[in-house]
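The next block holds one structure in the form of structure tokens; read it before the comments.
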Amino acid sequence: MTPRAINHKAIRAENRKKILSLLQKQRELTLQEIAKELDLSVPTVTTIVEQLIEEGVAQNAGVSESVAGRRPKVIQFAPDAYNMLAVDFTLDAVRIVLTNLDAAIKADATITAPDYQQMDALMETIRQETERIMADQHVRSAHVLGIGFSLPGVVDEERGLLKIAPNLGLKQVDFAQYAPLFPFPMFFENEANAAAMAELKLGVAKEMRNVVYVSVLSEGIGTGIIVGGQLYRGKNKRAGEYGHTSIMPRGLPCSCGRRGCWERYASGNVLLQGYAERTGAKLRDLTAFFDRLSVNEPVATDVFETYLDYLAIGIQDILFAQDPHYIYIGGVLSPFKEQILEPLRQRIFVENMFYTEQDVALRWTTLQANASILGAALLSCERMFHSSVTA
Ligand SMILES: [Zn+2]
């Protein structure tokens with residue numbers, strides 16, 4: 001191809017992305033409105049929209065009533081034309097979802113008690129589950145944009161490498177080798193990064209562009225950092241490992257090899273362990289703990305107060321280091337907003353010379369337990385809608 005032809009093709013691809021992105025946001029537009037909004041000619045828009053209709057990702061939706069005379073045709077976004085698969089690795093389970101282009105969940109499956117030491121077998125189980133889900137939903141692989149993995153560790157997303165996930169006991173896992181298992185591309189992201197991007201794209205953080213997402217897991221804490229609307233990953237992809245910053249010299253040993261890491265004092269299971277140490281009673285899960293807290297059981301209250309002190313210390317450190325517009329709290333704490341957010345806020349915003357409550361918005365995750373997995377799903381459609389993949 002001549003350089004001119006290549007250039008023409010690139011411009012057309014770029015325009016296609018812009019039109020799709022606008023349609024997804026506005027849902028319904030006339031050709032004239034699209035042309036005006038994107039500063040393109042009507043014939044250019046018409047040609048691309050015709051292709052989108054043929055592909056199924058846009059459809060005709062009658063005529064506009066708003067204009068007198070010859071009424072222009074309305075074009076509508078068709079979110080079910082394509083699907084995304086996403087997989088979330090946590091200590092207790094592997095969750096798999098199928099979503100449409102709007103990241104609305106169409107199917108949800110869980111593999112309980114996964115054996116991460118038998119990765120070949122686990123990936124084969126995941127493949128079988130995705131095939132079952134697709135068959136149930138009558139989705140052909142040609143209509144799946146990709147499969148995104150949310151991983152609780154340091155991820156080299158370009159190479160498909162999980163460098164380290166101390167809490168899963170994994171190191172240097174080359175996920176690229178599993179590409180032949182799936183007839184569509186695989187994508188990877190750290191779970192807190194994925195959650196942060198999902199809040200930015202689907203949640204309420206859309207306007208403000210500097211976000212830190214604190215993902216409190218049962219055995220760890222991850223943070224995803226977004227600066228100016230882009231993920232900040234760092235040179236070695238481990239930016240945001242606040243969970244492993246020490247808040248206690250000679251403190252509790254951590255799976256990372258250091259001592260006194262924040263996550264040893266503020267991850268979800270600390271509440272259950274603290275309660276068990278004091279009472280000898282092993283609670284089933286965090287819901288059982290918060291049930292006891294809601295009836296003001298003294299031991300639960302005591303364990304919770306200490307826990308909040310530690311959780312607040314780490315968030316204050318993030319505030320000093322990042323100075324973001326938003327700090328989001330999510331992960332396993334997601335269902336317990338009513339009991340956590342206010343007392344946590346009071347601890348974070350104690351009087352100090354640097355910041356007040358007005359300087360940063362402390363928010364609860366709007367996507368609840370779905371934040372990471374939806375972020376992983378969005379990885380697959382990034383190329384379809386956006387001109388540049390996040391740095
Ligand atoms: Zn650590």
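Lettering and numbering for the structure tokens are positional, with chains as A, B, ... in the shown order, residues counted from 1 in each chain, and ligands counted from 1 in the shown order.
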(message) Which residues are close to Asn193 of chain A, i.e. within 10 Å by only C-alpha atoms, leaving aside same-chain residues fewer than 3 positions away? Reply as a VMD selection string.
(response) chain A and resid 150 to 152 155 189 to 190 196 to 199 212 to 215 222 to 226 231 to 233 239 to 240 371 to 372 375 to 376
What would the file look like if the residues just selected were written as an mmCIF file, in the first residue's frame with N, CA, C and O atoms?
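Once written, part.cif looks like this:
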data_model
loop_
_atom_site.group_PDB
_atom_site.id
_atom_site.type_symbol
_atom_site.label_atom_id
_atom_site.label_comp_id
_atom_site.auth_asym_id
_atom_site.auth_seq_id
_atom_site.Cartn_x
_atom_site.Cartn_y
_atom_site.Cartn_z
ATOM 1 N N SER A 150 -7.985 -10.381 35.703
ATOM 2 C CA SER A 150 -7.662 -9.492 36.822
ATOM 3 C C SER A 150 -6.867 -10.315 37.838
ATOM 4 O O SER A 150 -7.352 -11.315 38.358
ATOM 5 N N LEU A 151 -5.614 -9.890 38.084
ATOM 6 C CA LEU A 151 -4.700 -10.705 38.898
ATOM 7 C C LEU A 151 -4.203 -9.924 40.122
ATOM 8 O O LEU A 151 -3.787 -8.763 39.989
ATOM 9 N N PRO A 152 -4.215 -10.548 41.315
ATOM 10 C CA PRO A 152 -3.801 -9.828 42.512
ATOM 11 C C PRO A 152 -2.285 -9.867 42.702
ATOM 12 O O PRO A 152 -1.772 -10.565 43.584
ATOM 13 N N VAL A 155 1.811 -7.253 37.623
ATOM 14 C CA VAL A 155 1.486 -7.797 36.299
ATOM 15 C C VAL A 155 2.223 -7.015 35.202
ATOM 16 O O VAL A 155 2.166 -5.792 35.170
ATOM 17 N N GLU A 189 -4.344 -7.538 33.732
ATOM 18 C CA GLU A 189 -4.159 -6.324 34.522
ATOM 19 C C GLU A 189 -4.141 -6.669 36.000
ATOM 20 O O GLU A 189 -4.749 -7.665 36.420
ATOM 21 N N ASN A 190 -3.428 -5.886 36.767
ATOM 22 C CA ASN A 190 -3.466 -6.000 38.220
ATOM 23 C C ASN A 190 -4.893 -5.695 38.685
ATOM 24 O O ASN A 190 -5.556 -4.819 38.126
ATOM 25 N N ALA A 196 -9.701 0.367 39.414
ATOM 26 C CA ALA A 196 -9.588 1.823 39.272
ATOM 27 C C ALA A 196 -10.086 2.265 37.900
ATOM 28 O O ALA A 196 -10.833 3.243 37.770
ATOM 29 N N MET A 197 -9.695 1.540 36.848
ATOM 30 C CA MET A 197 -10.127 1.895 35.498
ATOM 31 C C MET A 197 -11.639 1.719 35.338
ATOM 32 O O MET A 197 -12.294 2.513 34.659
ATOM 33 N N ALA A 198 -12.178 0.670 35.974
ATOM 34 C CA ALA A 198 -13.627 0.453 35.887
ATOM 35 C C ALA A 198 -14.382 1.600 36.547
ATOM 36 O O ALA A 198 -15.378 2.089 36.011
ATOM 37 N N GLU A 199 -13.884 2.073 37.710
ATOM 38 C CA GLU A 199 -14.547 3.209 38.366
ATOM 39 C C GLU A 199 -14.466 4.449 37.479
ATOM 40 O O GLU A 199 -15.404 5.236 37.408
ATOM 41 N N VAL A 212 -7.206 7.128 43.212
ATOM 42 C CA VAL A 212 -6.535 5.957 43.791
ATOM 43 C C VAL A 212 -7.625 5.008 44.272
ATOM 44 O O VAL A 212 -8.520 5.423 45.012
ATOM 45 N N TYR A 213 -7.568 3.777 43.803
ATOM 46 C CA TYR A 213 -8.542 2.771 44.220
ATOM 47 C C TYR A 213 -7.855 1.843 45.213
ATOM 48 O O TYR A 213 -6.838 1.224 44.895
ATOM 49 N N VAL A 214 -8.393 1.776 46.416
ATOM 50 C CA VAL A 214 -7.824 0.895 47.449
ATOM 51 C C VAL A 214 -8.673 -0.365 47.495
ATOM 52 O O VAL A 214 -9.826 -0.335 47.897
ATOM 53 N N SER A 215 -8.095 -1.470 47.041
ATOM 54 C CA SER A 215 -8.817 -2.728 46.992
ATOM 55 C C SER A 215 -8.377 -3.589 48.164
ATOM 56 O O SER A 215 -7.287 -4.148 48.170
ATOM 57 N N GLY A 222 -4.425 -4.057 47.516
ATOM 58 C CA GLY A 222 -3.842 -3.543 46.284
ATOM 59 C C GLY A 222 -4.334 -2.116 46.072
ATOM 60 O O GLY A 222 -5.418 -1.764 46.527
ATOM 61 N N THR A 223 -3.526 -1.300 45.414
ATOM 62 C CA THR A 223 -4.041 0.011 45.048
ATOM 63 C C THR A 223 -3.766 0.264 43.572
ATOM 64 O O THR A 223 -2.711 -0.085 43.055
ATOM 65 N N GLY A 224 -4.733 0.856 42.915
ATOM 66 C CA GLY A 224 -4.599 1.234 41.511
ATOM 67 C C GLY A 224 -4.526 2.746 41.446
ATOM 68 O O GLY A 224 -5.347 3.431 42.065
ATOM 69 N N ILE A 225 -3.545 3.264 40.732
ATOM 70 C CA ILE A 225 -3.344 4.714 40.676
ATOM 71 C C ILE A 225 -3.620 5.218 39.266
ATOM 72 O O ILE A 225 -3.022 4.733 38.301
ATOM 73 N N ILE A 226 -4.512 6.202 39.166
ATOM 74 C CA ILE A 226 -4.775 6.831 37.869
ATOM 75 C C ILE A 226 -4.373 8.301 37.962
ATOM 76 O O ILE A 226 -4.812 9.009 38.865
ATOM 77 N N LEU A 231 -3.588 5.009 33.761
ATOM 78 C CA LEU A 231 -3.017 4.197 34.840
ATOM 79 C C LEU A 231 -1.550 4.531 34.998
ATOM 80 O O LEU A 231 -0.830 4.666 34.008
ATOM 81 N N TYR A 232 -1.125 4.664 36.237
ATOM 82 C CA TYR A 232 0.307 4.811 36.482
ATOM 83 C C TYR A 232 0.829 3.472 36.993
ATOM 84 O O TYR A 232 0.494 3.034 38.085
ATOM 85 N N ARG A 233 1.660 2.814 36.172
ATOM 86 C CA ARG A 233 2.111 1.467 36.527
ATOM 87 C C ARG A 233 3.521 1.448 37.103
ATOM 88 O O ARG A 233 3.883 0.535 37.825
ATOM 89 N N ALA A 239 4.046 0.005 40.781
ATOM 90 C CA ALA A 239 3.580 1.221 41.451
ATOM 91 C C ALA A 239 2.284 0.901 42.178
ATOM 92 O O ALA A 239 1.489 0.087 41.712
ATOM 93 N N GLY A 240 2.097 1.527 43.307
ATOM 94 C CA GLY A 240 0.847 1.315 44.042
ATOM 95 C C GLY A 240 0.857 0.104 44.949
ATOM 96 O O GLY A 240 -0.190 -0.319 45.406
ATOM 97 N N ALA A 371 -15.956 -4.441 40.609
ATOM 98 C CA ALA A 371 -15.041 -3.438 40.043
ATOM 99 C C ALA A 371 -13.884 -4.079 39.268
ATOM 100 O O ALA A 371 -13.646 -3.750 38.108
ATOM 101 N N SER A 372 -13.167 -5.010 39.901
ATOM 102 C CA SER A 372 -11.984 -5.591 39.246
ATOM 103 C C SER A 372 -12.352 -6.383 37.996
ATOM 104 O O SER A 372 -11.701 -6.271 36.957
ATOM 105 N N GLY A 375 -13.353 -4.178 35.182
ATOM 106 C CA GLY A 375 -12.145 -3.544 34.640
ATOM 107 C C GLY A 375 -11.423 -4.492 33.700
ATOM 108 O O GLY A 375 -10.926 -4.093 32.632
ATOM 109 N N ALA A 376 -11.377 -5.768 34.068
ATOM 110 C CA ALA A 376 -10.733 -6.781 33.218
ATOM 111 C C ALA A 376 -11.514 -6.969 31.920
ATOM 112 O O ALA A 376 -10.939 -7.138 30.842
#
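Contacts with ligand 1 are defined as any residue atom within 10 Å of a ligand atom, using only C-alpha atoms and all ligand atoms; the residues meeting this criterion are A:Pro166, A:Asn167, A:Gly220, A:Ile221, A:Glu241, A:Tyr242, A:Gly243, A:His244, A:Thr245, A:Ser246, A:Leu252, A:Pro253, A:Cys254, A:Ser255, A:Cys256, A:Gly257, A:Arg258, A:Arg259, A:Gly260, A:Cys261, A:Trp262, A:Glu263, A:Arg264.
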Can you spit out the residues from that selection as a compact mmCIF listing (two decimals), in the first residue's frame, using C-alpha atoms?
# COMPACT_ATOMS: atom_id res chain seq x y z
CA PRO A 166 2.63 -13.43 47.17
CA ASN A 167 -0.84 -14.17 48.51
CA GLY A 220 -3.87 -8.34 50.96
CA ILE A 221 -4.37 -4.75 49.83
CA GLU A 241 2.07 -1.58 46.16
CA TYR A 242 1.00 0.36 49.23
CA GLY A 243 -0.09 -2.92 50.82
CA HIS A 244 3.59 -3.73 51.27
CA THR A 245 4.70 -0.41 52.72
CA SER A 246 5.66 -0.94 56.33
CA LEU A 252 4.19 -8.97 61.74
CA PRO A 253 5.97 -11.00 59.04
CA CYS A 254 4.47 -10.68 55.54
CA SER A 255 4.29 -13.12 52.62
CA CYS A 256 6.55 -10.69 50.70
CA GLY A 257 9.46 -11.34 53.08
CA ARG A 258 9.32 -8.00 54.88
CA ARG A 259 7.79 -7.12 58.21
CA GLY A 260 5.06 -4.76 59.33
CA CYS A 261 3.41 -4.38 55.90
CA TRP A 262 0.16 -2.40 55.92
CA GLU A 263 -1.82 -5.35 54.54
CA ARG A 264 -0.87 -7.50 57.54
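Per DSSP on the backbone, helix (DSSP H, G or I) in segment 209-287 of chain A comprises A:Tyr242, A:Gly243, A:His244, A:Glu263, A:Arg264, A:Tyr265, A:Ala266, A:Asn269, A:Val270, A:Leu271, A:Leu272, A:Gln273, A:Gly274, A:Tyr275, A:Ala276, A:Glu277, A:Arg278, A:Thr279, A:Leu286, A:Thr287.
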(request) Give the answer as one residue: which of A:Ala266, A:Ile313, A:Ala113, A:Val154 has the shortest atom-to-atom distance to Asp92 of chain A, using only C-alpha atoms? (result) A:Ala113
(message) So that I can see what lies close to Ala61 of chain A, please list as a PyMOL selection string the residues with an atom at most 6 Å from it, counting only C-alpha atoms and leaving out residues fewer than 4 positions away in the same chain.
(response) chain A and resi 74-76
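When only C-alpha atoms are used to measure the gap to Ser64 of chain A, the shortest distance among A:Ser21, A:Gln32, A:Gln358, A:Ser267 belongs to A:Gln32.
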(request) Tell me which protein, DNA and RNA residues are within 7 Å of segment 126-142 of chain A, counting only C-alpha atoms, leaving out same-chain ones fewer than 4 positions away, and put them as a PyMOL selection string. (result) chain A and resi 107+122+181+183
Okay, now the selection with C-alpha atoms, as a PDB file, in the first residue's frame?
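File written: selection.pdb
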ATOM      1  CA  ALA A 107     -23.412 -14.676  32.790  1.00  0.00           C
ATOM      2  CA  LEU A 122      -6.835 -24.471  36.338  1.00  0.00           C
ATOM      3  CA  LEU A 181      -6.624 -22.247  24.775  1.00  0.00           C
ATOM      4  CA  PRO A 183      -9.873 -18.360  20.065  1.00  0.00           C
TER       5      PRO A 183
END
(message) I need the strand (DSSP E) residues of segment 50-243 of chain A per DSSP on the backbone, written as a PyMOL selection string.
(response) chain A and resi 58-63+73-77+83-89+93-100+105-112+144-151+154-156+161-165+170-174+186-190+211-217+220-227+230-231
(message) Measuring between only C-alpha atoms, which one of A:Gly203, A:Pro324, A:Pro335, A:Gly251 shows the shortest distance to Leu367 of chain A?
(response) A:Gly203
(request) Enter the distance from atom CA of Ser294 of chain A to atom CA of Gly331 of chain A, in Å, rounded to one decimal. (result) 20.3 Å
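Considering the residues A:Met384, A:Phe187, A:Ala300, A:Phe290 and counting only C-alpha atoms, Leu52 of chain A has its shortest atom-to-atom contact with A:Met384.
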Residues at most 8 Å from Asn100 of chain A, counting only C-alpha atoms, excluding those fewer than 2 positions away in the same chain, as a PDB file with N, CA, C and O atoms, in the first residue's frame?
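Final output, saved to result34.pdb:
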ATOM      1  N   PRO A  79     -25.394  -2.674  22.063  1.00  0.00           N
ATOM      2  CA  PRO A  79     -24.345  -3.175  22.960  1.00  0.00           C
ATOM      3  C   PRO A  79     -24.167  -4.694  22.952  1.00  0.00           C
ATOM      4  O   PRO A  79     -23.141  -5.189  23.397  1.00  0.00           O
ATOM      5  N   ASP A  80     -25.167  -5.426  22.472  1.00  0.00           N
ATOM      6  CA  ASP A  80     -25.052  -6.886  22.504  1.00  0.00           C
ATOM      7  C   ASP A  80     -24.409  -7.486  21.264  1.00  0.00           C
ATOM      8  O   ASP A  80     -24.335  -8.704  21.124  1.00  0.00           O
ATOM      9  N   ALA A  81     -23.935  -6.625  20.364  1.00  0.00           N
ATOM     10  CA  ALA A  81     -23.295  -7.124  19.137  1.00  0.00           C
ATOM     11  C   ALA A  81     -22.026  -7.907  19.449  1.00  0.00           C
ATOM     12  O   ALA A  81     -21.698  -8.883  18.781  1.00  0.00           O
ATOM     13  N   TYR A  82     -21.310  -7.448  20.478  1.00  0.00           N
ATOM     14  CA  TYR A  82     -20.089  -8.138  20.889  1.00  0.00           C
ATOM     15  C   TYR A  82     -20.105  -8.373  22.392  1.00  0.00           C
ATOM     16  O   TYR A  82     -20.858  -7.734  23.125  1.00  0.00           O
ATOM     17  N   ASN A  83     -19.240  -9.281  22.806  1.00  0.00           N
ATOM     18  CA  ASN A  83     -19.164  -9.653  24.217  1.00  0.00           C
ATOM     19  C   ASN A  83     -17.717  -9.601  24.692  1.00  0.00           C
ATOM     20  O   ASN A  83     -16.788  -9.648  23.892  1.00  0.00           O
ATOM     21  N   MET A  84     -17.564  -9.531  26.006  1.00  0.00           N
ATOM     22  CA  MET A  84     -16.240  -9.637  26.603  1.00  0.00           C
ATOM     23  C   MET A  84     -16.299 -10.704  27.704  1.00  0.00           C
ATOM     24  O   MET A  84     -17.288 -10.814  28.415  1.00  0.00           O
ATOM     25  N   LEU A  98     -19.334 -13.065  31.574  1.00  0.00           N
ATOM     26  CA  LEU A  98     -19.499 -12.653  30.181  1.00  0.00           C
ATOM     27  C   LEU A  98     -20.292 -11.356  30.213  1.00  0.00           C
ATOM     28  O   LEU A  98     -21.310 -11.267  30.897  1.00  0.00           O
ATOM     29  N   ASP A 102     -21.393  -2.796  26.977  1.00  0.00           N
ATOM     30  CA  ASP A 102     -21.567  -1.819  28.053  1.00  0.00           C
ATOM     31  C   ASP A 102     -21.061  -2.347  29.395  1.00  0.00           C
ATOM     32  O   ASP A 102     -21.320  -1.737  30.428  1.00  0.00           O
ATOM     33  N   ALA A 103     -20.401  -3.495  29.366  1.00  0.00           N
ATOM     34  CA  ALA A 103     -19.916  -4.159  30.583  1.00  0.00           C
ATOM     35  C   ALA A 103     -21.069  -4.568  31.503  1.00  0.00           C
ATOM     36  O   ALA A 103     -20.905  -4.639  32.720  1.00  0.00           O
ATOM     37  N   ALA A 104     -22.237  -4.824  30.918  1.00  0.00           N
ATOM     38  CA  ALA A 104     -23.344  -5.384  31.699  1.00  0.00           C
ATOM     39  C   ALA A 104     -23.153  -6.901  31.751  1.00  0.00           C
ATOM     40  O   ALA A 104     -22.924  -7.526  30.710  1.00  0.00           O
ATOM     41  N   ILE A 105     -23.217  -7.467  32.948  1.00  0.00           N
ATOM     42  CA  ILE A 105     -22.935  -8.904  33.126  1.00  0.00           C
ATOM     43  C   ILE A 105     -24.112  -9.747  32.620  1.00  0.00           C
ATOM     44  O   ILE A 105     -25.251  -9.572  33.044  1.00  0.00           O
ATOM     45  N   LYS A 106     -23.794 -10.673  31.691  1.00  0.00           N
ATOM     46  CA  LYS A 106     -24.827 -11.553  31.128  1.00  0.00           C
ATOM     47  C   LYS A 106     -24.760 -12.950  31.734  1.00  0.00           C
ATOM     48  O   LYS A 106     -25.744 -13.669  31.758  1.00  0.00           O
TER      49      LYS A 106
END
(request) Using only C-alpha atoms, find the one residue out of A:Arg71, A:Phe354, A:Thr46, A:Arg363 that sits nearest to Glu342 of chain A. (result) A:Arg363
